[in-house]
Amino acid sequence: MAPADKGNPDKHRNVELKARLGGEEGYERRVAIAKQLTGTDGTVITQRDVFFHATTGRLKLRYLEDKPSELISYDRSDVAGPKLSLYSKMDVAEPALLEQILAETVGVRGRLNKRRLLFLHGQTRIHLDVVESLGHFMEFEVVLEPEQTLAQGQAIVDEMKRLFELSDADLMTGAYIDELLK
């Protein structure tokens with residue numbers, strides 16, 4: 001079911017696209033494109049995500065190394081191509097305690113570890129991910145301004161897809177955790 005964009009001021013909106021890169025060579029080619037496009041080397045982020053059972057959307061606790069951990073709730077359609085994602089997040093001072101509480105009350109769906117190389121280009125977050133036990137991926141998140149439409153965000157994602165030489169066959173429908181649990 002697609003998330004409804006009801007203009008909730010507590011929800012953030014972005015348009016996302018996630019793709020498989022088919023191994024180290026495809027990953028390195030996209031890293032080179034990102035470096036050329038942004039003029040930076042990107043930022044390395046090590047993440048450990050714990051996904052919990054949720055009645056709607058997805059709920060994850062993200063452990064980060066150099067900044068506070070985050071609890072993130074998000075809802076997006078499981079379709080290939082650009083899609084709207086509605087999300088809320090908050091910093092968590094005691095992630096291990098929160099993980100224990102959520103595990104005891106709603107249950108853990110799964111865990112995954114990844115190394116993310118983050119690049120910023122305009123309002124687009126470019127993620128080049130190496131996910132443990134899954135492989136190499138890339139993701140675009142176009143953070144929408146309140147006045148921007150879904151179509152405007154999709155147009156930006158389509159241009160990024162072209163710049164990074166991604167085909168429709170590369171596109172993913174769900175989240176990494178869905179792939180891991182298959």
# chains A, B, ... in the order shown; residues from 1 in each chain; ligands from 1

$ select_by_dssp --residues "range 42-173 of chain A" --states "strand (DSSP E or B)" --output "PDB file with N, CA and C atoms, in the first residue's frame"
ATOM      1  N   THR A  43      31.523  10.765   2.522  1.00  0.00           N
ATOM      2  CA  THR A  43      31.689  10.526   3.957  1.00  0.00           C
ATOM      3  C   THR A  43      31.360   9.070   4.244  1.00  0.00           C
ATOM      4  N   VAL A  44      32.256   8.371   4.915  1.00  0.00           N
ATOM      5  CA  VAL A  44      32.034   6.971   5.276  1.00  0.00           C
ATOM      6  C   VAL A  44      31.217   6.912   6.569  1.00  0.00           C
ATOM      7  N   ILE A  45      30.140   6.139   6.541  1.00  0.00           N
ATOM      8  CA  ILE A  45      29.286   5.963   7.720  1.00  0.00           C
ATOM      9  C   ILE A  45      29.090   4.468   7.938  1.00  0.00           C
ATOM     10  N   THR A  46      29.437   3.986   9.120  1.00  0.00           N
ATOM     11  CA  THR A  46      29.201   2.590   9.480  1.00  0.00           C
ATOM     12  C   THR A  46      27.896   2.530  10.249  1.00  0.00           C
ATOM     13  N   GLN A  47      26.989   1.677   9.770  1.00  0.00           N
ATOM     14  CA  GLN A  47      25.659   1.594  10.369  1.00  0.00           C
ATOM     15  C   GLN A  47      25.326   0.161  10.744  1.00  0.00           C
ATOM     16  N   ARG A  48      24.621   0.036  11.865  1.00  0.00           N
ATOM     17  CA  ARG A  48      24.047  -1.246  12.272  1.00  0.00           C
ATOM     18  C   ARG A  48      22.573  -0.992  12.520  1.00  0.00           C
ATOM     19  N   ASP A  49      21.721  -1.613  11.719  1.00  0.00           N
ATOM     20  CA  ASP A  49      20.282  -1.397  11.806  1.00  0.00           C
ATOM     21  C   ASP A  49      19.600  -2.602  12.422  1.00  0.00           C
ATOM     22  N   VAL A  50      18.681  -2.342  13.353  1.00  0.00           N
ATOM     23  CA  VAL A  50      17.836  -3.369  13.945  1.00  0.00           C
ATOM     24  C   VAL A  50      16.407  -3.025  13.550  1.00  0.00           C
ATOM     25  N   PHE A  51      15.762  -3.923  12.802  1.00  0.00           N
ATOM     26  CA  PHE A  51      14.389  -3.711  12.359  1.00  0.00           C
ATOM     27  C   PHE A  51      13.443  -4.429  13.311  1.00  0.00           C
ATOM     28  N   PHE A  52      12.346  -3.754  13.617  1.00  0.00           N
ATOM     29  CA  PHE A  52      11.337  -4.297  14.517  1.00  0.00           C
ATOM     30  C   PHE A  52      10.044  -4.537  13.756  1.00  0.00           C
ATOM     31  N   ARG A  58       7.869   0.555   8.251  1.00  0.00           N
ATOM     32  CA  ARG A  58       9.021  -0.101   8.857  1.00  0.00           C
ATOM     33  C   ARG A  58       9.510   0.729  10.043  1.00  0.00           C
ATOM     34  N   LEU A  59      10.084   0.050  11.014  1.00  0.00           N
ATOM     35  CA  LEU A  59      10.638   0.698  12.203  1.00  0.00           C
ATOM     36  C   LEU A  59      12.028   0.133  12.432  1.00  0.00           C
ATOM     37  N   LYS A  60      13.020   1.029  12.498  1.00  0.00           N
ATOM     38  CA  LYS A  60      14.387   0.556  12.724  1.00  0.00           C
ATOM     39  C   LYS A  60      15.115   1.457  13.708  1.00  0.00           C
ATOM     40  N   LEU A  61      16.024   0.828  14.417  1.00  0.00           N
ATOM     41  CA  LEU A  61      16.956   1.522  15.296  1.00  0.00           C
ATOM     42  C   LEU A  61      18.299   1.486  14.590  1.00  0.00           C
ATOM     43  N   ARG A  62      18.854   2.644  14.329  1.00  0.00           N
ATOM     44  CA  ARG A  62      20.126   2.727  13.609  1.00  0.00           C
ATOM     45  C   ARG A  62      21.228   3.129  14.594  1.00  0.00           C
ATOM     46  N   TYR A  63      22.184   2.222  14.773  1.00  0.00           N
ATOM     47  CA  TYR A  63      23.369   2.514  15.573  1.00  0.00           C
ATOM     48  C   TYR A  63      24.400   3.185  14.666  1.00  0.00           C
ATOM     49  N   LEU A  64      24.929   4.312  15.112  1.00  0.00           N
ATOM     50  CA  LEU A  64      25.945   5.050  14.363  1.00  0.00           C
ATOM     51  C   LEU A  64      27.183   5.203  15.230  1.00  0.00           C
ATOM     52  N   SER A  69      22.646   7.552  17.935  1.00  0.00           N
ATOM     53  CA  SER A  69      21.836   6.572  17.221  1.00  0.00           C
ATOM     54  C   SER A  69      20.475   7.191  16.940  1.00  0.00           C
ATOM     55  N   GLU A  70      19.709   6.556  16.022  1.00  0.00           N
ATOM     56  CA  GLU A  70      18.423   7.116  15.613  1.00  0.00           C
ATOM     57  C   GLU A  70      17.356   6.034  15.583  1.00  0.00           C
ATOM     58  N   LEU A  71      16.146   6.401  15.979  1.00  0.00           N
ATOM     59  CA  LEU A  71      14.979   5.564  15.771  1.00  0.00           C
ATOM     60  C   LEU A  71      14.248   6.160  14.579  1.00  0.00           C
ATOM     61  N   ILE A  72      13.984   5.331  13.564  1.00  0.00           N
ATOM     62  CA  ILE A  72      13.410   5.814  12.308  1.00  0.00           C
ATOM     63  C   ILE A  72      12.178   4.974  11.965  1.00  0.00           C
ATOM     64  N   SER A  73      11.085   5.667  11.730  1.00  0.00           N
ATOM     65  CA  SER A  73       9.862   5.046  11.246  1.00  0.00           C
ATOM     66  C   SER A  73       9.653   5.552   9.830  1.00  0.00           C
ATOM     67  N   TYR A  74       9.387   4.633   8.884  1.00  0.00           N
ATOM     68  CA  TYR A  74       9.157   5.096   7.519  1.00  0.00           C
ATOM     69  C   TYR A  74       8.169   4.201   6.793  1.00  0.00           C
ATOM     70  N   ASP A  75       7.548   4.793   5.800  1.00  0.00           N
ATOM     71  CA  ASP A  75       6.560   4.084   5.004  1.00  0.00           C
ATOM     72  C   ASP A  75       6.781   4.449   3.545  1.00  0.00           C
ATOM     73  N   ARG A  76       6.937   3.443   2.705  1.00  0.00           N
ATOM     74  CA  ARG A  76       7.063   3.659   1.270  1.00  0.00           C
ATOM     75  C   ARG A  76       6.575   2.410   0.546  1.00  0.00           C
ATOM     76  N   LYS A  83      10.004   6.393  -5.621  1.00  0.00           N
ATOM     77  CA  LYS A  83       8.819   6.256  -4.782  1.00  0.00           C
ATOM     78  C   LYS A  83       8.886   7.225  -3.612  1.00  0.00           C
ATOM     79  N   LEU A  84       7.717   7.663  -3.178  1.00  0.00           N
ATOM     80  CA  LEU A  84       7.610   8.569  -2.035  1.00  0.00           C
ATOM     81  C   LEU A  84       7.877   7.794  -0.757  1.00  0.00           C
ATOM     82  N   SER A  85       8.663   8.391   0.127  1.00  0.00           N
ATOM     83  CA  SER A  85       8.899   7.835   1.450  1.00  0.00           C
ATOM     84  C   SER A  85       8.543   8.907   2.469  1.00  0.00           C
ATOM     85  N   LEU A  86       7.686   8.543   3.418  1.00  0.00           N
ATOM     86  CA  LEU A  86       7.340   9.421   4.534  1.00  0.00           C
ATOM     87  C   LEU A  86       8.045   8.870   5.758  1.00  0.00           C
ATOM     88  N   TYR A  87       8.753   9.742   6.479  1.00  0.00           N
ATOM     89  CA  TYR A  87       9.522   9.226   7.602  1.00  0.00           C
ATOM     90  C   TYR A  87       9.574  10.211   8.759  1.00  0.00           C
ATOM     91  N   SER A  88       9.803   9.644   9.932  1.00  0.00           N
ATOM     92  CA  SER A  88      10.057  10.400  11.155  1.00  0.00           C
ATOM     93  C   SER A  88      11.276   9.775  11.797  1.00  0.00           C
ATOM     94  N   LYS A  89      12.089  10.606  12.432  1.00  0.00           N
ATOM     95  CA  LYS A  89      13.243  10.052  13.141  1.00  0.00           C
ATOM     96  C   LYS A  89      13.559  10.902  14.353  1.00  0.00           C
ATOM     97  N   MET A  90      14.225  10.256  15.299  1.00  0.00           N
ATOM     98  CA  MET A  90      14.644  10.949  16.511  1.00  0.00           C
ATOM     99  C   MET A  90      15.974  10.385  16.981  1.00  0.00           C
ATOM    100  N   ASP A  91      16.766  11.233  17.609  1.00  0.00           N
ATOM    101  CA  ASP A  91      18.018  10.787  18.210  1.00  0.00           C
ATOM    102  C   ASP A  91      17.711   9.952  19.444  1.00  0.00           C
ATOM    103  N   VAL A  92      18.558   8.961  19.690  1.00  0.00           N
ATOM    104  CA  VAL A  92      18.365   8.053  20.818  1.00  0.00           C
ATOM    105  C   VAL A  92      19.642   8.056  21.659  1.00  0.00           C
ATOM    106  N   VAL A 108      11.967  -8.356  17.242  1.00  0.00           N
ATOM    107  CA  VAL A 108      12.962  -7.993  16.227  1.00  0.00           C
ATOM    108  C   VAL A 108      12.635  -8.742  14.941  1.00  0.00           C
ATOM    109  N   ARG A 109      12.593  -8.009  13.859  1.00  0.00           N
ATOM    110  CA  ARG A 109      12.368  -8.595  12.525  1.00  0.00           C
ATOM    111  C   ARG A 109      13.675  -9.058  11.912  1.00  0.00           C
ATOM    112  N   GLY A 110      14.756  -8.298  12.143  1.00  0.00           N
ATOM    113  CA  GLY A 110      16.049  -8.659  11.594  1.00  0.00           C
ATOM    114  C   GLY A 110      17.082  -7.578  11.860  1.00  0.00           C
ATOM    115  N   ARG A 111      18.327  -7.921  11.555  1.00  0.00           N
ATOM    116  CA  ARG A 111      19.445  -6.998  11.760  1.00  0.00           C
ATOM    117  C   ARG A 111      20.312  -6.987  10.514  1.00  0.00           C
ATOM    118  N   LEU A 112      20.919  -5.830  10.234  1.00  0.00           N
ATOM    119  CA  LEU A 112      21.893  -5.782   9.145  1.00  0.00           C
ATOM    120  C   LEU A 112      22.958  -4.739   9.430  1.00  0.00           C
ATOM    121  N   ASN A 113      24.122  -4.991   8.843  1.00  0.00           N
ATOM    122  CA  ASN A 113      25.270  -4.092   8.978  1.00  0.00           C
ATOM    123  C   ASN A 113      25.643  -3.590   7.598  1.00  0.00           C
ATOM    124  N   LYS A 114      26.009  -2.314   7.531  1.00  0.00           N
ATOM    125  CA  LYS A 114      26.431  -1.779   6.241  1.00  0.00           C
ATOM    126  C   LYS A 114      27.458  -0.676   6.434  1.00  0.00           C
ATOM    127  N   ARG A 115      28.228  -0.527   5.369  1.00  0.00           N
ATOM    128  CA  ARG A 115      29.176   0.583   5.255  1.00  0.00           C
ATOM    129  C   ARG A 115      28.633   1.467   4.152  1.00  0.00           C
ATOM    130  N   ARG A 116      28.334   2.711   4.508  1.00  0.00           N
ATOM    131  CA  ARG A 116      27.719   3.649   3.561  1.00  0.00           C
ATOM    132  C   ARG A 116      28.717   4.733   3.213  1.00  0.00           C
ATOM    133  N   LEU A 117      28.804   5.026   1.931  1.00  0.00           N
ATOM    134  CA  LEU A 117      29.564   6.166   1.449  1.00  0.00           C
ATOM    135  C   LEU A 117      28.519   7.190   1.013  1.00  0.00           C
ATOM    136  N   LEU A 118      28.466   8.315   1.729  1.00  0.00           N
ATOM    137  CA  LEU A 118      27.446   9.338   1.513  1.00  0.00           C
ATOM    138  C   LEU A 118      28.018  10.512   0.728  1.00  0.00           C
ATOM    139  N   PHE A 119      27.303  10.888  -0.328  1.00  0.00           N
ATOM    140  CA  PHE A 119      27.609  12.088  -1.104  1.00  0.00           C
ATOM    141  C   PHE A 119      26.357  12.961  -1.117  1.00  0.00           C
ATOM    142  N   LEU A 120      26.558  14.270  -1.149  1.00  0.00           N
ATOM    143  CA  LEU A 120      25.446  15.209  -1.240  1.00  0.00           C
ATOM    144  C   LEU A 120      25.550  15.962  -2.550  1.00  0.00           C
ATOM    145  N   HIS A 121      24.432  16.015  -3.276  1.00  0.00           N
ATOM    146  CA  HIS A 121      24.375  16.748  -4.546  1.00  0.00           C
ATOM    147  C   HIS A 121      23.051  17.500  -4.567  1.00  0.00           C
ATOM    148  N   THR A 124      19.859  16.032  -3.030  1.00  0.00           N
ATOM    149  CA  THR A 124      19.906  14.571  -3.141  1.00  0.00           C
ATOM    150  C   THR A 124      21.019  13.996  -2.286  1.00  0.00           C
ATOM    151  N   ARG A 125      20.650  13.016  -1.487  1.00  0.00           N
ATOM    152  CA  ARG A 125      21.611  12.217  -0.732  1.00  0.00           C
ATOM    153  C   ARG A 125      21.906  10.991  -1.582  1.00  0.00           C
ATOM    154  N   ILE A 126      23.165  10.794  -1.927  1.00  0.00           N
ATOM    155  CA  ILE A 126      23.595   9.654  -2.729  1.00  0.00           C
ATOM    156  C   ILE A 126      24.275   8.675  -1.779  1.00  0.00           C
ATOM    157  N   HIS A 127      23.719   7.478  -1.667  1.00  0.00           N
ATOM    158  CA  HIS A 127      24.272   6.447  -0.788  1.00  0.00           C
ATOM    159  C   HIS A 127      24.868   5.340  -1.642  1.00  0.00           C
ATOM    160  N   LEU A 128      26.109   5.021  -1.405  1.00  0.00           N
ATOM    161  CA  LEU A 128      26.738   3.844  -2.002  1.00  0.00           C
ATOM    162  C   LEU A 128      27.018   2.894  -0.843  1.00  0.00           C
ATOM    163  N   ASP A 129      26.309   1.773  -0.835  1.00  0.00           N
ATOM    164  CA  ASP A 129      26.284   0.888   0.323  1.00  0.00           C
ATOM    165  C   ASP A 129      26.910  -0.468   0.033  1.00  0.00           C
ATOM    166  N   VAL A 130      27.672  -0.949   1.011  1.00  0.00           N
ATOM    167  CA  VAL A 130      28.128  -2.335   1.027  1.00  0.00           C
ATOM    168  C   VAL A 130      27.421  -2.964   2.223  1.00  0.00           C
ATOM    169  N   VAL A 131      26.494  -3.877   1.929  1.00  0.00           N
ATOM    170  CA  VAL A 131      25.659  -4.478   2.960  1.00  0.00           C
ATOM    171  C   VAL A 131      26.156  -5.894   3.222  1.00  0.00           C
ATOM    172  N   GLY A 135      25.734  -7.522  -0.466  1.00  0.00           N
ATOM    173  CA  GLY A 135      26.493  -7.005  -1.594  1.00  0.00           C
ATOM    174  C   GLY A 135      26.498  -5.500  -1.712  1.00  0.00           C
ATOM    175  N   HIS A 136      26.567  -5.019  -2.968  1.00  0.00           N
ATOM    176  CA  HIS A 136      26.787  -3.607  -3.282  1.00  0.00           C
ATOM    177  C   HIS A 136      25.513  -2.980  -3.858  1.00  0.00           C
ATOM    178  N   PHE A 137      25.175  -1.813  -3.328  1.00  0.00           N
ATOM    179  CA  PHE A 137      23.932  -1.151  -3.699  1.00  0.00           C
ATOM    180  C   PHE A 137      24.140   0.354  -3.761  1.00  0.00           C
ATOM    181  N   MET A 138      23.164   1.029  -4.350  1.00  0.00           N
ATOM    182  CA  MET A 138      23.160   2.487  -4.298  1.00  0.00           C
ATOM    183  C   MET A 138      21.738   2.945  -4.110  1.00  0.00           C
ATOM    184  N   GLU A 139      21.620   4.113  -3.494  1.00  0.00           N
ATOM    185  CA  GLU A 139      20.306   4.677  -3.208  1.00  0.00           C
ATOM    186  C   GLU A 139      20.368   6.183  -3.390  1.00  0.00           C
ATOM    187  N   PHE A 140      19.293   6.739  -3.938  1.00  0.00           N
ATOM    188  CA  PHE A 140      19.124   8.188  -3.991  1.00  0.00           C
ATOM    189  C   PHE A 140      17.971   8.548  -3.074  1.00  0.00           C
ATOM    190  N   GLU A 141      18.151   9.590  -2.287  1.00  0.00           N
ATOM    191  CA  GLU A 141      17.078  10.157  -1.492  1.00  0.00           C
ATOM    192  C   GLU A 141      17.013  11.645  -1.822  1.00  0.00           C
ATOM    193  N   VAL A 142      15.960  12.041  -2.508  1.00  0.00           N
ATOM    194  CA  VAL A 142      15.735  13.448  -2.813  1.00  0.00           C
ATOM    195  C   VAL A 142      14.843  13.998  -1.711  1.00  0.00           C
ATOM    196  N   VAL A 143      15.410  14.821  -0.851  1.00  0.00           N
ATOM    197  CA  VAL A 143      14.674  15.395   0.267  1.00  0.00           C
ATOM    198  C   VAL A 143      13.801  16.527  -0.273  1.00  0.00           C
ATOM    199  N   LEU A 171      16.931  -1.972 -10.467  1.00  0.00           N
ATOM    200  CA  LEU A 171      16.125  -1.381  -9.403  1.00  0.00           C
ATOM    201  C   LEU A 171      15.568  -2.416  -8.443  1.00  0.00           C
TER     202      LEU A 171
END

$ residues_around --residues "Leu166 in chain A" --least-positions-apart "3" --cutoff "12 Å" --atoms "only C-alpha atoms" --output "mmCIF file with N, CA and C atoms, in the first residue's frame"
data_model
loop_
_atom_site.group_PDB
_atom_site.id
_atom_site.type_symbol
_atom_site.label_atom_id
_atom_site.label_comp_id
_atom_site.auth_asym_id
_atom_site.auth_seq_id
_atom_site.Cartn_x
_atom_site.Cartn_y
_atom_site.Cartn_z
ATOM 1 N N LEU A 17 15.087 5.938 -4.577
ATOM 2 C CA LEU A 17 15.316 4.887 -5.571
ATOM 3 C C LEU A 17 16.494 4.066 -5.063
ATOM 4 N N LYS A 18 16.328 2.750 -5.091
ATOM 5 C CA LYS A 18 17.378 1.851 -4.623
ATOM 6 C C LYS A 18 17.712 0.878 -5.738
ATOM 7 N N ALA A 19 19.028 0.599 -5.927
ATOM 8 C CA ALA A 19 19.446 -0.277 -7.023
ATOM 9 C C ALA A 19 20.579 -1.199 -6.600
ATOM 10 N N ARG A 20 20.580 -2.393 -7.193
ATOM 11 C CA ARG A 20 21.693 -3.338 -7.041
ATOM 12 C C ARG A 20 22.801 -2.916 -7.997
ATOM 13 N N LEU A 21 24.048 -3.060 -7.566
ATOM 14 C CA LEU A 21 25.170 -2.644 -8.417
ATOM 15 C C LEU A 21 25.950 -3.818 -8.992
ATOM 16 N N GLY A 22 25.610 -5.025 -8.644
ATOM 17 C CA GLY A 22 26.207 -6.186 -9.288
ATOM 18 C C GLY A 22 27.664 -6.438 -8.964
ATOM 19 N N GLY A 26 30.899 -2.571 -10.382
ATOM 20 C CA GLY A 26 29.788 -1.635 -10.539
ATOM 21 C C GLY A 26 29.770 -0.597 -9.436
ATOM 22 N N TYR A 27 30.107 -1.016 -8.233
ATOM 23 C CA TYR A 27 30.174 -0.110 -7.081
ATOM 24 C C TYR A 27 31.255 0.948 -7.311
ATOM 25 N N ARG A 29 32.617 1.967 -10.044
ATOM 26 C CA ARG A 29 32.258 2.859 -11.148
ATOM 27 C C ARG A 29 31.318 3.958 -10.655
ATOM 28 N N ARG A 30 30.352 3.607 -9.814
ATOM 29 C CA ARG A 30 29.408 4.606 -9.292
ATOM 30 C C ARG A 30 30.076 5.526 -8.271
ATOM 31 N N ILE A 33 31.728 8.168 -10.326
ATOM 32 C CA ILE A 33 30.745 9.122 -10.840
ATOM 33 C C ILE A 33 30.343 10.096 -9.733
ATOM 34 N N GLY A 81 11.656 1.643 -8.978
ATOM 35 C CA GLY A 81 11.592 3.011 -9.484
ATOM 36 C C GLY A 81 11.415 4.013 -8.365
ATOM 37 N N PHE A 137 25.175 -1.813 -3.328
ATOM 38 C CA PHE A 137 23.932 -1.151 -3.699
ATOM 39 C C PHE A 137 24.140 0.354 -3.761
ATOM 40 N N MET A 138 23.164 1.029 -4.350
ATOM 41 C CA MET A 138 23.160 2.487 -4.298
ATOM 42 C C MET A 138 21.738 2.945 -4.110
ATOM 43 N N GLU A 139 21.620 4.113 -3.494
ATOM 44 C CA GLU A 139 20.306 4.677 -3.208
ATOM 45 C C GLU A 139 20.368 6.183 -3.390
ATOM 46 N N PHE A 140 19.293 6.739 -3.938
ATOM 47 C CA PHE A 140 19.124 8.188 -3.991
ATOM 48 C C PHE A 140 17.971 8.548 -3.074
ATOM 49 N N VAL A 157 15.221 12.238 -9.386
ATOM 50 C CA VAL A 157 15.697 10.852 -9.278
ATOM 51 C C VAL A 157 15.938 10.261 -10.667
ATOM 52 N N ASP A 158 15.052 10.534 -11.597
ATOM 53 C CA ASP A 158 15.233 10.015 -12.959
ATOM 54 C C ASP A 158 16.534 10.529 -13.566
ATOM 55 N N GLU A 159 16.862 11.793 -13.323
ATOM 56 C CA GLU A 159 18.114 12.353 -13.846
ATOM 57 C C GLU A 159 19.323 11.702 -13.162
ATOM 58 N N MET A 160 19.230 11.460 -11.862
ATOM 59 C CA MET A 160 20.324 10.793 -11.145
ATOM 60 C C MET A 160 20.495 9.361 -11.672
ATOM 61 N N LYS A 161 19.405 8.699 -11.923
ATOM 62 C CA LYS A 161 19.462 7.339 -12.479
ATOM 63 C C LYS A 161 20.221 7.347 -13.800
ATOM 64 N N ARG A 162 19.938 8.342 -14.635
ATOM 65 C CA ARG A 162 20.624 8.461 -15.920
ATOM 66 C C ARG A 162 22.118 8.744 -15.711
ATOM 67 N N LEU A 163 22.438 9.698 -14.842
ATOM 68 C CA LEU A 163 23.836 10.059 -14.604
ATOM 69 C C LEU A 163 24.661 8.880 -14.079
ATOM 70 N N ALA A 169 16.434 -2.834 -14.771
ATOM 71 C CA ALA A 169 16.723 -4.173 -14.232
ATOM 72 C C ALA A 169 17.512 -4.110 -12.925
ATOM 73 N N ASP A 170 18.209 -2.992 -12.675
ATOM 74 C CA ASP A 170 18.998 -2.832 -11.452
ATOM 75 C C ASP A 170 18.141 -2.464 -10.241
ATOM 76 N N LEU A 171 16.931 -1.972 -10.467
ATOM 77 C CA LEU A 171 16.125 -1.381 -9.403
ATOM 78 C C LEU A 171 15.568 -2.416 -8.443
ATOM 79 N N MET A 172 15.501 -2.014 -7.165
ATOM 80 C CA MET A 172 14.961 -2.860 -6.102
ATOM 81 C C MET A 172 13.569 -2.388 -5.723
#

$ select_by_dssp --residues "range 16-159 of chain A" --states "helix (DSSP H, G or I)" --output "PyMOL selection string"
chain A and resi 24-38+95-105+150-159
